[in-house]
Every structure is written in structure tokens, then in C-alpha cells.
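To start, the structure under review is shown below, and the notes come after it.
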Amino acid sequence: MFLGITNAQNLIPNPGYEERQKDGTPKYWTQPKGDFYHYEHQMVDTNGVEISNYLHGLCTIMPLPSEYLCVKLKKPVVAGKTYHFKVKTYVKDESWNRIEKLGHFELAVLPYYEKVTPIRIRIKATPLAQFAIDSNPERERPFWQYHHLTFTANSSGDYLYLGRFHTDSTYSLYDSLVSIKERMIKERDAQIIHLRDSFSKLKVDIPDLGDSKKAIKKQKQLMFNFVNSAKKELNLMILEVQNNTNNLLDSVNQIYLDPFYFHVRLYYDDLCLAEVRNDNTCDCRDTMYVYKPKFEIGKTYALRNINFDLDKYVLLPQSYVELDNLLSIMREYPKMVIKIMGHTDSQNSDAYNITLSNNRAMACVKYLIKHGINAKRLSWQGYGERIPITTNETEEGKAANRRVEFMVLKVE
């Protein structure tokens, strides 16, 4: 493998996070190291196979103080100019309802630099643009999602921020929620203190039974029964207060937090921000790291972003990026011969899965042929559920087993 760099056009330094500082963190990039910090040197699938290396992530719990990524641009963004932004994202979460709440992420530029502190802080900014996260549960989950958008900058600034930037009204709503919850907790604690004080002042009249051992023993038993009964009654009353308060807190959380709350880990890689030229072109490959891989005969390589609707075999548009990458490889190695292989999870019958996976592999081959690859260099086969790479007992395992791969049959 070799590395090449072209003339600079991308305003984002170290756009793929490969350049690292002495402590191993990505050069030029800043992220508050609070509860979560997700710079990954390598990510592997459930079978231990490397999926990607050098990627950065945000673990977002909203609308708490925002976790964000920040980098100083090579050249400031200028208000009124048109720019193109490109990024790859991966959502690492199996809960669709949380991903659906995620919805989108935003980028902003600011003319100043927020000093990094150990605690996450709120970044108030007007987003330059936002990109949507595919959260359709009816589709097979893609590994990488590719985002391309063109926008006119609404503000100038030297620093690019990635995150979620809520409005002042949202933060005010959240702050009022915190205030309400703090008041409820104070009222609960005050009630419990009052109950304990009240029970501590209770008195019991013990009859004078004399000073014989039997009488004293009976008096002690009466006192023990009273104290034990009072403790049980007190504990029940305290538990009732706590339960009532917890129910109220849950109601407040549901009313105020439900529209905003999610807890999703989102990873980024291969970012580009470049000014659109006068001829409306923009080359986001500039300053991106370009790798020329070595391929081995008989080895299988994953195509991890080939997507279809549920139980369908028509390629979705987000698949084109990955297939275009394969096109580039086939053109770079004009004598390479490959076999496209489709796989499914264990749902449905074996015959159905064989047919579905075969049709999906064939759809990829047709795409390559349509774009100029000689059909003699291509073959395909569907294996259905017969070659899993992990368990089919979990949703995560099923998602990993639903895949498209290619095997190198010949290369020079």
C-alpha cells in the first residue's frame, strides 16, 4: 500500500484522523474529554475483521451540554460563499428508536475557539448546514452512510464544529426541567425529614407491671413491639413518598425530555469542506489520503455499504458510492477477475435466501457491467444463510451476516 497527497483544496486538516499526536489522539482535532471520548484507531466487525481505522466519534446525550468535534480550518470560511461538505458516518447503536430521534447532525463555523475543559460544555452556534442520518428500520442497516451537501455559508469563521446545536429555547426548557426536578427532590427530602422527626417524638404508655423479672421482660417486649411497629410504618410512609416523587420525576422526564433525548454513538471519517469553484465543480479528494490496496487471489473482501430495501434486490442509491469504489479498483487493475457473493441472515427459508442473495449479487454485477466493466471479468453467486460470519441469534449478528462480498479470482 502507498500513500499519495494532491494539492490542497480541502479546508479540513487531517480529514481522516490518520495523523496522530504523541499521545495517540488525532492531530489538529479537539474534543472535550468528558464522560465519553471515541477516537478509534481500529474498528472490527463481530468476526474480528477490520472494518475501518482511524475514525472519530461523538456519544451524544441530549440536551445535556453538547459533545462536539472541533478543528481549525486551513483557511476561514467566508459568509456568502458556496461550499461543498462531504463526510462518512456510522451509527453504532442497535436501538432504532434512538437513531430515529438522532435524525440529523449539524456543522457550524465559529470565529473563536472555545477552550477545552474536562467537562463537556454547550456550544451555541447557528448551524451552517445539517445532514440527515438514515434511520429507516425497514432497510438493512448500512455500515457507512455517505453525506454530500452544498450550501452557502451564513457566517464566517476559522473553526469547524461537528455536533448538535440546540436553540436557546431548548436549553431553557432543559434548564427549567432541571429546576423542577431539583425542587421535587428537595420537597421529597423535606417530607422524609418531617416524617422521621414526627416518629422520633412518638411516645408510648407502658403500664406499670411491677418490678419482677417477668414484668420487666413484658415491659421490654411491649417497648420493642412499639418501636418495631413504628419503624415499619415509617419505612412504608417514606417508601410511598419516594415512589410518588419518582413517578412525578418520570412524568416530567417524559414530557420535557422525550422529544430531545437520545443516546447514540456516531462516528465520522473522511471529511471534506471545500469552496465550490466558478464552474460549479469541487474536488473533495484534495488532501484526502489515497490508498492503493494489494489484492490476493482467493481472498474475500467485504462491500459493506451495499443496501437494499427489506426483501428486495434493487440497489439503493447509497450503494453507488461503494460500487463506484469497486469500479475504480477494476479499472486500476484491468486484468482483475472477481466473483460477487451475496449472503443473508437465517430468516426465511433456505431456498428463498439463496434466491434473494443471488439476485442481490447479480444486481451488483449488472451495475459494474453498466458502467463499463467487461462481463467476462465478473461472476456472481448467492449463498443465502449458509456462510454466516457470526451468530444469527441477535439482531446485531443478523445485520453482520447480511452482506455482499467479492472474491478475487485473478489479479496482476
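Simple scheme: letters A, B, ... for chains in C-alpha cells order, numbers from 1 for residues in each chain, numbers from 1 for ligands in the order shown.
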(message) Show me, as a ChimeraX atom specification, the residues that have an atom within 7 Å of region 147-155 of chain A when counting only C-alpha atoms, minus same-chain residues fewer than 4 positions from it.
(response) /A:78-88,128-129,131
(message) For the structure I just gave you, how does DSSP split region 140-317 of chain A - specifically, which residues are alpha helix (DSSP H)? Reply as a PyMOL selection string.
(response) chain A and resi 168-200+213-257
(request) Write out as a ChimeraX atom specification each polymer residue whose atoms come within 7 Å of region 340-344 of chain A, counting only C-alpha atoms; drop sequence neighbours fewer than 5 positions from it. (result) /A:353,357-358,360-361,379-385,401-407
Deliver the residues from the most recent selection as a file, using N, CA and C atoms, as a PDB file, in the first residue's frame.
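And here's selection-v7.pdb as it stands now:
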```pdb
ATOM      1  N   ASN A 353     -33.725 -17.546   0.672  1.00  0.00           N
ATOM      2  CA  ASN A 353     -32.498 -16.795   0.927  1.00  0.00           C
ATOM      3  C   ASN A 353     -31.474 -16.970  -0.196  1.00  0.00           C
ATOM      4  N   SER A 357     -30.244 -13.676  -2.171  1.00  0.00           N
ATOM      5  CA  SER A 357     -28.824 -13.318  -2.164  1.00  0.00           C
ATOM      6  C   SER A 357     -28.222 -13.391  -3.568  1.00  0.00           C
ATOM      7  N   ASN A 358     -28.685 -14.345  -4.375  1.00  0.00           N
ATOM      8  CA  ASN A 358     -28.209 -14.462  -5.753  1.00  0.00           C
ATOM      9  C   ASN A 358     -28.629 -13.237  -6.572  1.00  0.00           C
ATOM     10  N   ARG A 360     -29.318 -10.274  -5.416  1.00  0.00           N
ATOM     11  CA  ARG A 360     -28.599  -9.086  -4.939  1.00  0.00           C
ATOM     12  C   ARG A 360     -27.179  -9.048  -5.486  1.00  0.00           C
ATOM     13  N   ALA A 361     -26.519 -10.203  -5.514  1.00  0.00           N
ATOM     14  CA  ALA A 361     -25.175 -10.254  -6.093  1.00  0.00           C
ATOM     15  C   ALA A 361     -25.233  -9.911  -7.578  1.00  0.00           C
ATOM     16  N   SER A 379     -18.432 -12.668 -12.168  1.00  0.00           N
ATOM     17  CA  SER A 379     -19.387 -13.754 -11.944  1.00  0.00           C
ATOM     18  C   SER A 379     -20.057 -13.485 -10.609  1.00  0.00           C
ATOM     19  N   TRP A 380     -21.097 -14.228 -10.301  1.00  0.00           N
ATOM     20  CA  TRP A 380     -21.795 -13.986  -9.048  1.00  0.00           C
ATOM     21  C   TRP A 380     -22.413 -15.267  -8.522  1.00  0.00           C
ATOM     22  N   GLN A 381     -22.716 -15.266  -7.230  1.00  0.00           N
ATOM     23  CA  GLN A 381     -23.376 -16.417  -6.610  1.00  0.00           C
ATOM     24  C   GLN A 381     -23.994 -15.981  -5.292  1.00  0.00           C
ATOM     25  N   GLY A 382     -25.181 -16.512  -5.015  1.00  0.00           N
ATOM     26  CA  GLY A 382     -25.843 -16.263  -3.744  1.00  0.00           C
ATOM     27  C   GLY A 382     -25.728 -17.475  -2.837  1.00  0.00           C
ATOM     28  N   TYR A 383     -25.317 -17.241  -1.593  1.00  0.00           N
ATOM     29  CA  TYR A 383     -25.123 -18.340  -0.647  1.00  0.00           C
ATOM     30  C   TYR A 383     -26.197 -18.372   0.442  1.00  0.00           C
ATOM     31  N   GLY A 384     -27.120 -17.407   0.386  1.00  0.00           N
ATOM     32  CA  GLY A 384     -28.163 -17.380   1.414  1.00  0.00           C
ATOM     33  C   GLY A 384     -27.581 -17.274   2.807  1.00  0.00           C
ATOM     34  N   GLU A 385     -28.059 -18.162   3.683  1.00  0.00           N
ATOM     35  CA  GLU A 385     -27.632 -18.140   5.085  1.00  0.00           C
ATOM     36  C   GLU A 385     -26.517 -19.144   5.375  1.00  0.00           C
ATOM     37  N   ASN A 401     -24.402 -10.683   9.177  1.00  0.00           N
ATOM     38  CA  ASN A 401     -24.478 -11.787   8.214  1.00  0.00           C
ATOM     39  C   ASN A 401     -25.110 -11.369   6.887  1.00  0.00           C
ATOM     40  N   ARG A 402     -25.925 -10.313   6.902  1.00  0.00           N
ATOM     41  CA  ARG A 402     -26.488  -9.788   5.658  1.00  0.00           C
ATOM     42  C   ARG A 402     -25.425  -8.919   4.994  1.00  0.00           C
ATOM     43  N   ARG A 403     -24.787  -9.446   3.961  1.00  0.00           N
ATOM     44  CA  ARG A 403     -23.634  -8.735   3.418  1.00  0.00           C
ATOM     45  C   ARG A 403     -23.401  -9.124   1.961  1.00  0.00           C
ATOM     46  N   VAL A 404     -22.604  -8.300   1.293  1.00  0.00           N
ATOM     47  CA  VAL A 404     -22.144  -8.590  -0.069  1.00  0.00           C
ATOM     48  C   VAL A 404     -20.625  -8.543  -0.057  1.00  0.00           C
ATOM     49  N   GLU A 405     -19.972  -9.497  -0.705  1.00  0.00           N
ATOM     50  CA  GLU A 405     -18.528  -9.588  -0.729  1.00  0.00           C
ATOM     51  C   GLU A 405     -18.072  -9.854  -2.165  1.00  0.00           C
ATOM     52  N   PHE A 406     -16.782  -9.686  -2.408  1.00  0.00           N
ATOM     53  CA  PHE A 406     -16.252 -10.147  -3.680  1.00  0.00           C
ATOM     54  C   PHE A 406     -14.976 -10.932  -3.426  1.00  0.00           C
ATOM     55  N   MET A 407     -14.782 -11.983  -4.226  1.00  0.00           N
ATOM     56  CA  MET A 407     -13.580 -12.803  -4.140  1.00  0.00           C
ATOM     57  C   MET A 407     -12.729 -12.541  -5.389  1.00  0.00           C
TER      58      MET A 407
END
```
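When only C-alpha atoms are used to compute distances to Thr89 (chain A), the closest of the residues A:Gly298, A:Gly16, A:Pro76, A:Pro388 turns out to be A:Gly16.
Counting from CA of Asp205 (chain A), the distance to CA of Lys232 (chain A) is 19.3 Å.
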(message) Ranking A:Ser251, A:Ser198, A:Gln191, A:Ser169 by minimum distance to Ile238 (chain A) and counting only C-alpha atoms, which one comes first?
(response) A:Gln191
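The residue set within 10 Å of Met330 (chain A), counting only C-alpha atoms and dropping same-chain residues fewer than 2 places from it, reads A:Asp324, A:Asn325, A:Leu326, A:Leu327, A:Ser328, A:Glu332, A:Tyr333, A:Pro334, A:Lys335, A:Met336, A:Val337, A:Ile338, A:Leu368, A:Gly372, A:Ile373, A:Asn374, A:Arg377, A:Val411.
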Residues of region 154-229 of chain A that have any atom at most 10 Å from an atom of region 68-72 of chain A: could you tabulate them with the shortest-distance atom pair and the distance in Å to one decimal, using only C-alpha atoms, ordered by chain and increasing number, as a Markdown table?
```
| residue | atom | partner | partner_atom | distance |
| --- | --- | --- | --- | --- |
| A:Gly157 | CA | A:Lys72 | CA | 9.2 |
| A:Asp158 | CA | A:Lys72 | CA | 5.8 |
| A:Tyr159 | CA | A:Lys72 | CA | 4.4 |
| A:Leu160 | CA | A:Val71 | CA | 5.4 |
| A:Tyr161 | CA | A:Cys70 | CA | 4.6 |
| A:Leu162 | CA | A:Leu69 | CA | 5.1 |
| A:Gly163 | CA | A:Tyr68 | CA | 4.8 |
| A:Arg164 | CA | A:Tyr68 | CA | 7.7 |
| A:Phe165 | CA | A:Tyr68 | CA | 9.4 |
```
Residues within 10 Å of Asp269 (chain A), only C-alpha atoms, excluding chain neighbours under 4 positions, as a compact mmCIF listing (two decimals) with N, CA and C atoms, in the first residue's frame:
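selection_27.txt written:
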```txt
# COMPACT_ATOMS: atom_id res chain seq x y z
N PRO A 15 -8.22 15.12 7.58
CA PRO A 15 -9.65 14.83 7.43
C PRO A 15 -10.03 13.38 7.72
N GLY A 16 -9.05 12.47 7.72
CA GLY A 16 -9.36 11.08 8.02
C GLY A 16 -8.81 10.63 9.35
N TYR A 17 -8.25 11.55 10.15
CA TYR A 17 -7.75 11.29 11.51
C TYR A 17 -6.52 10.39 11.55
N GLU A 18 -5.86 10.20 10.40
CA GLU A 18 -4.70 9.30 10.39
C GLU A 18 -3.48 9.91 11.09
N SER A 52 -12.69 -0.53 9.59
CA SER A 52 -12.17 0.81 9.31
C SER A 52 -11.12 1.15 10.36
N ASN A 53 -10.21 2.04 10.00
CA ASN A 53 -9.26 2.50 11.00
C ASN A 53 -9.25 4.02 11.03
N TYR A 54 -8.88 4.54 12.18
CA TYR A 54 -8.79 5.99 12.39
C TYR A 54 -10.12 6.68 12.09
N LEU A 55 -11.01 6.64 13.05
CA LEU A 55 -12.26 7.35 12.95
C LEU A 55 -12.59 7.97 14.30
N HIS A 56 -13.36 9.03 14.26
CA HIS A 56 -13.65 9.80 15.46
C HIS A 56 -15.16 9.80 15.70
N GLY A 57 -15.56 9.79 16.95
CA GLY A 57 -16.99 9.70 17.23
C GLY A 57 -17.47 10.62 18.32
N LYS A 86 -18.49 17.02 2.65
CA LYS A 86 -18.60 15.57 2.48
C LYS A 86 -18.14 14.89 3.76
N VAL A 87 -18.83 13.83 4.16
CA VAL A 87 -18.44 13.09 5.35
C VAL A 87 -19.03 11.69 5.28
N LYS A 88 -18.34 10.73 5.89
CA LYS A 88 -18.87 9.39 6.11
C LYS A 88 -19.26 9.27 7.57
N THR A 89 -20.41 8.67 7.84
CA THR A 89 -20.84 8.48 9.23
C THR A 89 -21.24 7.03 9.46
N TYR A 90 -21.08 6.60 10.70
CA TYR A 90 -21.52 5.27 11.10
C TYR A 90 -22.20 5.38 12.46
N TRP A 144 -21.34 2.26 6.61
CA TRP A 144 -21.08 3.69 6.42
C TRP A 144 -22.24 4.32 5.68
N TYR A 146 -22.94 7.84 3.51
CA TYR A 146 -22.18 8.88 2.82
C TYR A 146 -23.06 10.12 2.67
```
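Nearest residue to Lys410 (chain A), choosing from A:Ile354, A:Leu315, A:Ile306, A:Ile297 and counting only C-alpha atoms: A:Ile297.
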